[in-house]
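Data from final35.cif: mmCIF, C-alpha atoms
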data_protein
loop_
_atom_site.label_atom_id
_atom_site.label_comp_id
_atom_site.auth_asym_id
_atom_site.auth_seq_id
_atom_site.Cartn_x
_atom_site.Cartn_y
_atom_site.Cartn_z
CA MET A 1 -14.47 -0.87 -18.04
CA PRO A 2 -18.11 -1.28 -17.01
CA PRO A 3 -20.54 1.54 -17.73
CA GLY A 4 -20.68 4.14 -15.00
CA THR A 5 -17.19 3.57 -13.64
CA ALA A 6 -15.70 6.78 -15.02
CA THR A 7 -18.71 8.76 -13.82
CA ARG A 8 -18.43 7.51 -10.25
CA ALA A 9 -14.66 7.89 -10.12
CA GLY A 10 -14.86 11.47 -11.32
CA ALA A 11 -17.89 12.52 -9.30
CA LEU A 12 -17.80 14.96 -6.42
CA PRO A 13 -17.26 13.39 -3.00
CA GLY A 14 -20.38 11.73 -1.63
CA MET A 15 -20.09 13.14 1.86
CA ARG A 16 -22.17 10.90 4.05
CA SER A 17 -20.61 12.16 7.31
CA PRO A 18 -21.22 15.83 8.32
CA ILE A 19 -17.94 16.03 10.25
CA ALA A 20 -15.95 14.57 7.38
CA ALA A 21 -17.75 16.89 4.98
CA ALA A 22 -16.70 19.92 6.99
CA VAL A 23 -13.08 18.76 7.04
CA ALA A 24 -13.12 18.13 3.30
CA LEU A 25 -14.63 21.58 2.71
CA LEU A 26 -11.80 23.16 4.69
CA VAL A 27 -9.25 21.36 2.53
CA LEU A 28 -10.99 22.37 -0.68
CA VAL A 29 -11.52 26.04 -0.01
CA SER A 30 -8.94 27.16 2.54
CA PRO A 31 -6.32 29.39 0.88
CA ALA A 32 -3.75 28.29 3.44
CA ALA A 33 -4.37 24.65 2.56
CA ALA A 34 -4.04 25.36 -1.14
CA ALA A 35 -0.85 27.43 -0.91
CA PRO A 36 1.92 25.49 0.86
CA ALA A 37 5.15 26.97 2.07
CA ALA A 38 7.99 25.85 -0.17
CA GLY A 39 8.65 22.20 0.60
CA GLY A 40 6.91 22.38 3.95
CA PRO A 41 3.59 21.18 5.33
CA THR A 42 0.32 22.80 4.30
CA ALA A 43 -2.53 23.61 6.67
CA ALA A 44 -4.10 20.32 5.61
CA ASP A 45 -0.92 18.43 6.53
CA LEU A 46 -0.83 20.05 9.95
CA ALA A 47 -4.50 19.13 10.44
CA VAL A 48 -3.84 15.40 9.98
CA PRO A 49 -4.28 13.92 13.49
CA ARG A 50 -1.46 12.02 15.16
CA TYR A 51 -1.84 8.26 14.89
CA ASP A 52 -0.42 5.60 17.17
CA HIS A 53 -0.52 2.91 14.49
CA VAL A 54 -1.02 2.86 10.73
CA PHE A 55 -1.27 -0.45 8.87
CA VAL A 56 -1.22 -0.68 5.07
CA ILE A 57 -2.39 -3.89 3.40
CA MET A 58 -1.35 -4.08 -0.26
CA GLY A 59 -3.28 -6.07 -2.87
CA GLU A 60 -2.29 -6.81 -6.43
CA ASN A 61 -3.27 -5.93 -9.97
CA LYS A 62 -6.95 -5.08 -9.75
CA ASP A 63 -8.91 -2.24 -11.30
CA TRP A 64 -10.96 -0.06 -8.98
CA TYR A 65 -14.29 -1.40 -10.20
CA ARG A 66 -13.29 -5.02 -9.52
CA ILE A 67 -13.13 -4.19 -5.80
CA ASP A 68 -15.24 -1.15 -5.00
CA GLY A 69 -18.82 -2.40 -4.95
CA SER A 70 -17.91 -5.70 -6.63
CA PRO A 71 -19.89 -8.84 -5.70
CA ASN A 72 -16.56 -10.69 -5.62
CA ALA A 73 -15.07 -8.39 -2.96
CA VAL A 74 -17.91 -8.24 -0.47
CA ARG A 75 -15.73 -7.67 2.61
CA LEU A 76 -13.63 -4.88 1.13
CA ALA A 77 -16.67 -3.26 -0.50
CA ALA A 78 -18.46 -3.27 2.85
CA PHE A 79 -15.50 -1.67 4.61
CA ALA A 80 -15.34 1.00 1.89
CA LYS A 81 -19.01 1.82 2.37
CA GLN A 82 -18.88 1.80 6.17
CA TYR A 83 -15.61 3.69 6.65
CA GLY A 84 -13.61 5.65 4.05
CA ASP A 85 -13.42 5.17 0.30
CA ALA A 86 -10.80 6.99 -1.81
CA THR A 87 -12.63 6.73 -5.12
CA ARG A 88 -9.92 8.34 -7.28
CA PHE A 89 -6.69 6.65 -6.24
CA TYR A 90 -3.99 5.66 -8.75
CA GLY A 91 -0.81 3.66 -9.12
CA GLU A 92 2.44 5.12 -10.41
CA VAL A 93 3.57 2.64 -13.06
CA HIS A 94 3.41 -0.91 -14.42
CA PRO A 95 4.38 -3.56 -13.36
CA SER A 96 4.24 -4.10 -9.60
CA GLU A 97 7.61 -3.56 -7.96
CA ALA A 98 8.08 0.17 -8.39
CA ASN A 99 4.70 0.97 -6.83
CA TYR A 100 5.79 -0.68 -3.57
CA VAL A 101 9.06 1.24 -3.71
CA ALA A 102 7.15 4.47 -4.36
CA LEU A 103 4.95 3.91 -1.31
CA VAL A 104 7.88 3.68 1.11
CA GLY A 105 10.42 5.85 -0.72
CA GLY A 106 8.52 8.59 -2.53
CA SER A 107 9.82 7.65 -5.98
CA THR A 108 10.07 4.72 -8.36
CA PHE A 109 13.79 5.57 -8.72
CA GLY A 110 13.63 4.65 -12.40
CA ILE A 111 12.46 1.06 -11.81
CA HIS A 112 9.86 -0.15 -14.31
CA ASP A 113 10.06 -3.95 -14.23
CA ASP A 114 9.86 -6.73 -11.65
CA ASP A 115 13.54 -7.73 -11.62
CA ALA A 116 15.12 -8.72 -8.31
CA PHE A 117 16.06 -6.05 -5.80
CA TYR A 118 19.79 -6.69 -6.29
CA CYS A 119 19.85 -6.38 -10.09
CA THR A 120 22.20 -3.92 -11.78
CA PRO A 121 22.58 -2.79 -15.41
CA GLY A 122 24.06 -5.55 -17.54
CA SER A 123 23.49 -8.32 -14.99
CA THR A 124 23.08 -11.84 -16.40
CA ASP A 125 21.41 -13.22 -13.28
CA VAL A 126 18.29 -15.26 -13.98
CA HIS A 127 16.25 -12.89 -11.83
CA CYS A 128 17.40 -9.85 -13.84
CA PRO A 129 15.88 -10.52 -17.30
CA HIS A 130 15.60 -6.83 -18.25
CA ALA A 131 19.07 -5.78 -17.12
CA ARG A 132 20.49 -5.32 -20.61
CA GLN A 133 17.77 -2.96 -21.77
CA ALA A 134 18.58 0.70 -22.37
CA GLY A 135 17.86 2.94 -19.43
CA TYR A 136 17.97 0.14 -16.89
CA VAL A 137 18.73 1.26 -13.32
CA ALA A 138 20.09 -0.50 -10.25
CA HIS A 139 17.22 -1.96 -8.25
CA THR A 140 18.94 -1.45 -4.90
CA VAL A 141 18.18 2.12 -3.91
CA ASP A 142 20.60 4.14 -1.79
CA ALA A 143 18.11 6.73 -0.59
CA PRO A 144 16.03 7.44 2.51
CA GLN A 145 12.96 5.29 3.15
CA LEU A 146 10.00 5.47 5.50
CA GLY A 147 11.40 2.98 8.02
CA ALA A 148 14.53 5.06 8.55
CA GLN A 149 12.39 8.19 8.93
CA LEU A 150 10.32 6.51 11.62
CA GLU A 151 13.36 5.25 13.48
CA ALA A 152 14.86 8.77 13.50
CA ALA A 153 11.62 9.99 15.06
CA GLY A 154 11.79 7.33 17.77
CA LEU A 155 9.05 5.23 16.15
CA THR A 156 8.92 1.63 14.96
CA TRP A 157 8.04 -0.25 11.78
CA LYS A 158 7.65 -3.75 10.38
CA ASN A 159 7.11 -5.21 6.94
CA TYR A 160 4.84 -8.24 7.50
CA ASN A 161 5.26 -10.57 4.49
CA GLU A 162 3.01 -13.62 4.39
CA SER A 163 5.00 -16.76 3.49
CA ILE A 164 8.45 -15.12 3.71
CA PRO A 165 10.92 -18.03 4.08
CA ALA A 166 12.34 -16.62 7.33
CA ALA A 167 12.51 -13.33 9.18
CA GLY A 168 15.03 -11.06 7.47
CA SER A 169 15.17 -13.27 4.38
CA LEU A 170 16.71 -11.83 1.22
CA ALA A 171 15.29 -14.61 -0.94
CA VAL A 172 13.82 -13.44 -4.25
CA THR A 173 10.97 -15.94 -4.00
CA GLY A 174 10.12 -18.76 -1.65
CA THR A 175 7.73 -19.98 1.00
CA ASN A 176 7.79 -20.54 4.71
CA PRO A 177 8.79 -24.11 5.69
CA ALA A 178 5.78 -24.27 7.99
CA GLU A 179 3.53 -23.95 4.92
CA GLY A 180 4.86 -26.98 3.08
CA GLY A 181 7.82 -29.16 2.24
CA PRO A 182 10.73 -28.50 -0.14
CA ASN A 183 8.42 -28.70 -3.18
CA ALA A 184 5.87 -26.25 -1.81
CA VAL A 185 4.48 -23.53 -4.06
CA GLN A 186 6.63 -20.37 -3.99
CA LEU A 187 4.11 -17.97 -2.42
CA TYR A 188 6.48 -15.19 -1.34
CA ALA A 189 7.80 -12.62 -3.82
CA SER A 190 10.33 -10.00 -2.69
CA LYS A 191 9.22 -7.68 -5.50
CA HIS A 192 6.15 -6.98 -3.35
CA SER A 193 8.08 -5.93 -0.25
CA GLY A 194 9.13 -2.40 -1.20
CA PHE A 195 11.47 -2.05 1.76
CA VAL A 196 13.85 -4.76 0.57
CA ASN A 197 14.89 -2.60 -2.40
CA PHE A 198 16.62 -0.13 -0.09
CA ALA A 199 20.31 -0.53 0.77
CA SER A 200 19.62 0.65 4.31
CA VAL A 201 17.30 -2.34 4.81
CA GLN A 202 19.49 -4.89 3.03
CA HIS A 203 22.41 -3.98 5.29
CA ASP A 204 20.39 -3.47 8.46
CA SER A 205 21.73 -5.52 11.37
CA HIS A 206 18.17 -5.60 12.71
CA ARG A 207 16.61 -6.61 9.40
CA ALA A 208 15.17 -9.82 10.86
CA GLY A 209 13.13 -7.66 13.19
CA HIS A 210 11.77 -5.55 10.34
CA LEU A 211 11.12 -8.06 7.52
CA VAL A 212 8.92 -10.61 9.22
CA GLY A 213 6.11 -13.06 8.52
CA TYR A 214 2.47 -13.35 9.48
CA ASP A 215 3.50 -15.37 12.53
CA ALA A 216 5.02 -12.15 13.88
CA LEU A 217 1.83 -10.25 13.01
CA ARG A 218 -0.24 -12.72 15.02
CA ARG A 219 2.14 -12.48 17.99
CA ASP A 220 2.25 -8.69 17.88
CA LEU A 221 -1.53 -8.41 17.76
CA ALA A 222 -1.90 -10.82 20.66
CA SER A 223 0.75 -9.12 22.81
CA GLY A 224 -0.19 -5.56 21.92
CA ASP A 225 3.44 -4.82 21.03
CA LEU A 226 2.59 -3.28 17.67
CA PRO A 227 4.81 -1.12 15.47
CA SER A 228 3.93 2.45 14.67
CA PHE A 229 3.77 1.50 10.98
CA GLY A 230 3.09 -1.93 9.56
CA LEU A 231 3.20 -2.76 5.84
CA ILE A 232 1.24 -6.00 5.42
CA ILE A 233 1.83 -8.00 2.24
CA PRO A 234 -0.34 -11.09 1.63
CA ASN A 235 1.18 -13.94 -0.36
CA LEU A 236 0.60 -14.47 -4.08
CA CYS A 237 -2.60 -16.42 -3.50
CA ASN A 238 -4.07 -14.03 -0.96
CA ASP A 239 -3.21 -10.65 -2.54
CA MET A 240 -5.25 -11.37 -5.72
CA HIS A 241 -2.08 -11.66 -7.81
CA GLY A 242 -2.47 -15.38 -8.51
CA MET A 243 -0.18 -17.91 -10.15
CA ALA A 244 0.01 -20.14 -13.19
CA ALA A 245 -1.80 -23.46 -12.86
CA GLY A 246 0.42 -26.22 -11.55
CA ALA A 247 0.96 -28.79 -8.85
CA GLY A 248 -0.06 -27.47 -5.47
CA VAL A 249 -1.63 -24.25 -6.79
CA PRO A 250 -5.25 -23.95 -5.56
CA ASP A 251 -7.91 -23.33 -8.21
CA ASP A 252 -8.78 -19.97 -6.64
CA CYS A 253 -5.17 -18.87 -7.05
CA VAL A 254 -4.93 -19.56 -10.78
CA TYR A 255 -4.68 -16.53 -13.08
CA LYS A 256 -7.57 -17.53 -15.33
CA ASN A 257 -9.95 -17.82 -12.38
CA ARG A 258 -9.96 -14.08 -11.72
CA ASP A 259 -13.28 -13.83 -9.89
CA ALA A 260 -12.30 -16.69 -7.59
CA MET A 261 -8.91 -15.04 -6.98
CA ILE A 262 -10.65 -11.85 -5.93
CA ARG A 263 -13.00 -13.72 -3.61
CA ARG A 264 -10.06 -15.51 -2.01
CA GLY A 265 -8.05 -12.31 -1.56
CA ASP A 266 -11.08 -10.45 -0.24
CA ALA A 267 -11.64 -13.10 2.41
CA ALA A 268 -7.95 -13.22 3.37
CA MET A 269 -7.62 -9.44 3.67
CA GLY A 270 -10.89 -9.31 5.56
CA THR A 271 -9.51 -11.81 8.08
CA THR A 272 -6.42 -9.65 8.60
CA ILE A 273 -8.56 -6.53 9.07
CA ASP A 274 -10.74 -8.40 11.57
CA ALA A 275 -7.65 -9.42 13.56
CA ILE A 276 -6.42 -5.82 13.78
CA MET A 277 -9.88 -4.59 14.76
CA ALA A 278 -10.02 -7.24 17.50
CA SER A 279 -6.78 -5.95 19.05
CA ALA A 280 -6.50 -3.89 22.21
CA ALA A 281 -4.93 -1.08 20.17
CA TRP A 282 -8.08 -0.72 18.08
CA ARG A 283 -10.22 -0.39 21.20
CA SER A 284 -7.88 2.13 22.81
CA PRO A 285 -8.26 5.93 22.92
CA GLY A 286 -5.31 6.19 20.52
CA ASN A 287 -5.82 6.55 16.79
CA VAL A 288 -5.35 3.52 14.54
CA ALA A 289 -5.79 3.30 10.76
CA ILE A 290 -5.94 0.35 8.39
CA VAL A 291 -5.46 1.23 4.72
CA VAL A 292 -6.19 -1.34 2.02
CA THR A 293 -4.73 -0.35 -1.33
CA PHE A 294 -3.40 -1.98 -4.49
CA ASP A 295 -0.25 -1.57 -6.53
CA GLU A 296 -1.72 -1.05 -10.01
CA ASP A 297 -4.74 -1.90 -12.13
CA ASP A 298 -5.02 -5.28 -13.84
CA GLY A 299 -4.32 -4.09 -17.36
CA THR A 300 -2.13 -1.48 -18.95
CA GLY A 301 -4.04 1.59 -17.79
CA ARG A 302 -1.94 4.73 -17.62
CA ASP A 303 -4.31 6.82 -15.53
CA GLY A 304 -2.47 8.61 -12.76
CA CYS A 305 -2.21 11.78 -10.75
CA CYS A 306 -0.16 13.70 -8.29
CA GLY A 307 3.49 13.84 -9.24
CA VAL A 308 3.43 11.30 -12.07
CA THR A 309 5.01 12.16 -15.42
CA PRO A 310 3.07 10.61 -18.33
CA ASN A 311 6.11 10.33 -20.61
CA ALA A 312 8.47 8.87 -18.00
CA PRO A 313 9.01 5.11 -18.42
CA SER A 314 8.98 4.58 -14.66
CA ASN A 315 6.37 7.08 -13.40
CA PHE A 316 3.60 7.36 -16.00
CA GLY A 317 0.59 6.26 -13.94
CA GLY A 318 -0.46 2.76 -12.96
CA GLY A 319 -4.21 2.96 -13.40
CA HIS A 320 -7.26 3.49 -11.20
CA ILE A 321 -7.18 1.30 -8.08
CA ALA A 322 -9.26 0.80 -4.94
CA THR A 323 -8.09 2.30 -1.67
CA ILE A 324 -10.04 1.97 1.58
CA VAL A 325 -9.26 3.78 4.83
CA ILE A 326 -10.60 2.21 8.01
CA THR A 327 -10.05 4.15 11.24
CA ASN A 328 -11.08 3.43 14.80
CA HIS A 329 -12.07 7.04 15.58
CA GLY A 330 -12.41 8.60 12.15
CA PRO A 331 -15.09 9.20 9.52
CA ARG A 332 -17.88 6.79 8.71
CA GLY A 333 -19.55 6.46 5.34
CA LEU A 334 -17.20 8.86 3.55
CA ALA A 335 -16.47 8.71 -0.18
CA ASP A 336 -13.59 11.06 -1.06
CA ALA A 337 -13.15 11.80 -4.78
CA THR A 338 -9.93 13.80 -4.37
CA PRO A 339 -7.20 12.47 -6.71
CA TYR A 340 -4.60 10.55 -4.67
CA ASN A 341 -1.83 8.02 -5.26
CA HIS A 342 0.84 6.22 -3.23
CA TYR A 343 2.79 9.45 -2.89
CA SER A 344 -0.30 10.99 -1.27
CA LEU A 345 -0.60 8.02 1.07
CA LEU A 346 3.08 8.25 2.03
CA ARG A 347 2.68 11.97 2.76
CA THR A 348 -0.34 11.22 4.94
CA ILE A 349 1.52 8.54 6.88
CA GLU A 350 4.39 10.95 7.47
CA ASP A 351 1.92 13.61 8.65
CA ALA A 352 0.20 11.12 10.95
CA PHE A 353 3.52 10.53 12.72
CA GLY A 354 4.48 14.20 12.87
CA ILE A 355 7.11 13.94 10.10
CA HIS A 356 7.10 16.79 7.59
CA ASP A 357 10.42 16.24 5.82
CA TYR A 358 8.62 14.45 3.00
CA LEU A 359 10.32 11.75 0.96
CA GLY A 360 10.70 12.46 -2.75
CA LEU A 361 7.44 13.10 -4.56
CA ALA A 362 5.46 12.82 -1.35
CA GLY A 363 6.53 16.43 -0.98
CA ALA A 364 5.35 17.49 -4.44
CA ALA A 365 2.44 19.67 -3.31
CA SER A 366 2.86 21.82 -6.42
CA GLU A 367 2.15 18.71 -8.51
CA GLY A 368 -1.06 17.88 -6.69
CA VAL A 369 0.24 15.60 -3.96
CA LYS A 370 -1.80 16.31 -0.85
CA PRO A 371 -2.62 14.51 2.39
CA MET A 372 -5.70 12.33 2.62
CA LEU A 373 -7.06 14.48 5.45
CA PRO A 374 -10.81 13.82 5.02
CA LEU A 375 -10.22 10.08 5.34
CA PHE A 376 -7.92 10.36 8.38
CA ALA A 377 -9.80 13.12 10.25
CA ILE A 378 -11.03 12.30 13.75
CA ALA A 379 -14.65 12.72 14.80
CA GLN A 380 -14.81 15.46 17.43
CA ASN A 381 -17.80 14.01 19.29
CA ARG A 382 -16.39 10.56 19.97
#
Now, as a test, write the supplied structure out as C-alpha cells.
Amino acid sequence: MPPGTATRAGALPGMRSPIAAAVALLVLVSPAAAAPAAGGPTAADLAVPRYDHVFVIMGENKDWYRIDGSPNAVRLAAFAKQYGDATRFYGEVHPSEANYVALVGGSTFGIHDDDAFYCTPGSTDVHCPHARQAGYVAHTVDAPQLGAQLEAAGLTWKNYNESIPAAGSLAVTGTNPAEGGPNAVQLYASKHSGFVNFASVQHDSHRAGHLVGYDALRRDLASGDLPSFGLIIPNLCNDMHGMAAGAGVPDDCVYKNRDAMIRRGDAAMGTTIDAIMASAAWRSPGNVAIVVTFDEDDGTGRDGCCGVTPNAPSNFGGGHIATIVITNHGPRGLADATPYNHYSLLRTIEDAFGIHDYLGLAGAASEGVKPMLPLFAIAQNR
C-alpha cells in the first residue's frame, strides 16, 4: 500500500461543508444517536432524509487507494472530491459473491466462494467447485432481502445487470445477444448480482421485471419511470474485474493490464453517473442518491468493521474499498472518515425509504453498524 494511505484512511473527517460538518457533529456527540433502542432506529437513523431514488453502482476488486485520488480513476476521484467520500469503507469477505449478498440481505449467510447461486453441499456441478469442502452452505438463501422489503413498503426495485443474456435470466454466465454472436465473450456473471442468490427472487413470477439489462436502464432514465432502488452492475470489462486474455477480450479488460482496466471502468461508471444526473429525477425537488462502491479490495486484505467477525470464514472483512456518495441536494466536498461497510450502506438505504426493520447485520448498531447520515444529509438552504 502506498505511503500515506493508512494515515488518510484513519484521519478525522475533512469537513469541507459547514452543513455536513454540523450533521456529522450531531452524530458523533449526541447521546441519543449513540444509544439506540434495542433493535430499533437511532436518532441518526431517523435523521436520514427520505429519498425518492437510490442507485448503487458496484465495482470490483480494487483497493481504496487505486480509486480515491488515483490518476487512473479521474472521474470517480472527481466525484469523491466534489460530493461525498466515505474514506473508511470496507468489504465483508473474499471473494466477491458474498459481498453482493451482504449488501441486499444483511449477511453473507455463510458464503465464502464464488460458486453458482444454486449450489448445495456435495454438488458435483461444474459451477460448484467448492461444494465438497467442509462447512459449505447452500448458495440459495431463503431469507428476506431488500427487494421484498421495498415491495412490502409499496416501493419498487430493479437489478440492472450489464450484458445479462435476457431479462430474468438465471444463467450463471453469459452475454446479451445484442453484444455479439454465439462466440461472444461471456461478460455477465451472476455471482455479481446479489439478488439472484435469494429464493424469493429465483421463484418470483415478476423476476424478468427485476433482473434486467442496461437497455432497461436507458429506457427508464429516458421515460422517468425509475425504481425506488436500483442496483447497477457493470459487466466484467466495465466493473474493473477484468478477464483472462483471449479471443475477443479487449486489452483494457485483461487482468494484467490493471491500470487500463481501472481507466476503462472509471470511464464506464462515469458515463452511467452522467446519464442518471441528466435525468429529470435528478433535477427534481425530490432526493436522489448515486452510490459507487466496490465489493472487496484487490488482494487478500482482511480489514473490516461494523458487524464483521475476524475469525468467521464468511464474514472476516474484505479490505478497504472506495465508496462515493453523490446526491442531488446533499453535501458537497465532504470526506467522512466514519467506519462503514455494506451493512452500513444497507441500513442507510432502508432508512432513506422509511424502513427500520433492518435486515440481518444492518441492524447491528451494538457492533458499530450505523447509517451514513453525513453523506446523505440534505442541505437546508437549497
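Proximity ranking of A:Thr323, A:Thr108, A:Asn176, A:Thr156 relative to Gly194 of chain A places A:Thr108 first, based on all atoms listed in the file.
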Chain and number of each residue from the PyMOL selection byres ((chain A and resi 227) around 12), as a ChimeraX atom specification = /A:51-55,147,150-151,154-160,209-210,216-217,219-221,223-226,228-232,281,288
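The smallest atom-to-atom distance between Ala43 of chain A and any of A:Ser200, A:Gly135, A:His127, A:Leu373, using all atoms listed in the file, is found for A:Leu373.
Atom to atom, atom CA of Ala98 of chain A and atom CA of His139 of chain A stand 9.4 Å apart.
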query = What lies within 10 Å of Glu179 of chain A using all atoms listed in the file, ignoring chain neighbours under 4 positions off, as a PyMOL selection string?
reply = chain A and resi 163+165+175+184-185+187
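In this structure, atom CA of Ala335 of chain A sits 18.7 Å away from atom CA of Pro71 of chain A.
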inquiry  = For the PyMOL selection byres ((chain A and resi 110) around 9), applied here, can you spell out every residue it catches as a PyMOL selection string?
reply    = chain A and resi 98+107-109+111-112+135-139+312-315
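Rounded to one decimal, atom CA of Ala278 of chain A and atom CA of Asp68 of chain A lie 23.9 Å from each other.
You can rank A:Ala178, A:Ala362, A:Leu346, A:Ile324 by their closest distance to Val104 of chain A using only C-alpha atoms, and at the top of that list sits A:Leu346.
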message = Measuring between only C-alpha atoms, which one of A:Thr42, A:Asn257, A:Asn99, A:Ser205 shows the shortest distance to Phe294 of chain A?
response = A:Asn99
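Neighbours of Arg263 of chain A closer than or equal to 12 Å, with only C-alpha atoms counted and sequence neighbours fewer than 6 positions away skipped, come out as A:Arg66, A:Ile67, A:Ser70, A:Pro71, A:Asn72, A:Ala73, A:Val74, A:Arg75, A:Leu76, A:Ala77, A:Cys237, A:Asn238, A:Asp239, A:Met240, A:His241, A:Gly242, A:Asp251, A:Asp252, A:Cys253, A:Asn257, A:Met269, A:Gly270.
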request  = Determine, counting only C-alpha atoms, which protein, DNA and RNA residues have an atom within 8 Å of an atom of segment 271-273 of chain A; residues of the same chain fewer than 4 positions away are not included. Present the result as a list in words.
outcome  = Ala267, Met277 and Ile290 of chain A
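In this comparison, which uses all atoms listed in the file, the residue of A:Ala167, A:Ala189, A:Ala78, A:Ala337 approaching Ser96 of chain A most closely is A:Ala189.
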Selection result for the PyMOL selection byres ((chain A and resi 168) around 6) on this file, as a ChimeraX atom specification = /A:167,169,207-208,211
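Nearest to Ala222 of chain A of all the residues A:Gly301, A:Ile276, A:Tyr358, A:Ala131 is A:Ile276, counting all atoms listed in the file.
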request  = Please identify all polymer residues within 12 Å of Gly363 of chain A, counting only C-alpha atoms, omitting same-chain residues fewer than 2 positions from it, and present them as a PyMOL selection string.
outcome  = chain A and resi 36-42+45+105-107+306-307+342-348+350-351+355-361+365-371
task = Considering all atoms listed in the file, return as a list in words whatever protein or nucleic-acid residues lie within 9 Å of Arg50 of chain A, sequence-local ones (same chain, fewer than 5 positions apart) excluded.
result = Gly286, Asn287, Asp351, Ala352, Phe353 and Gly354 of chain A
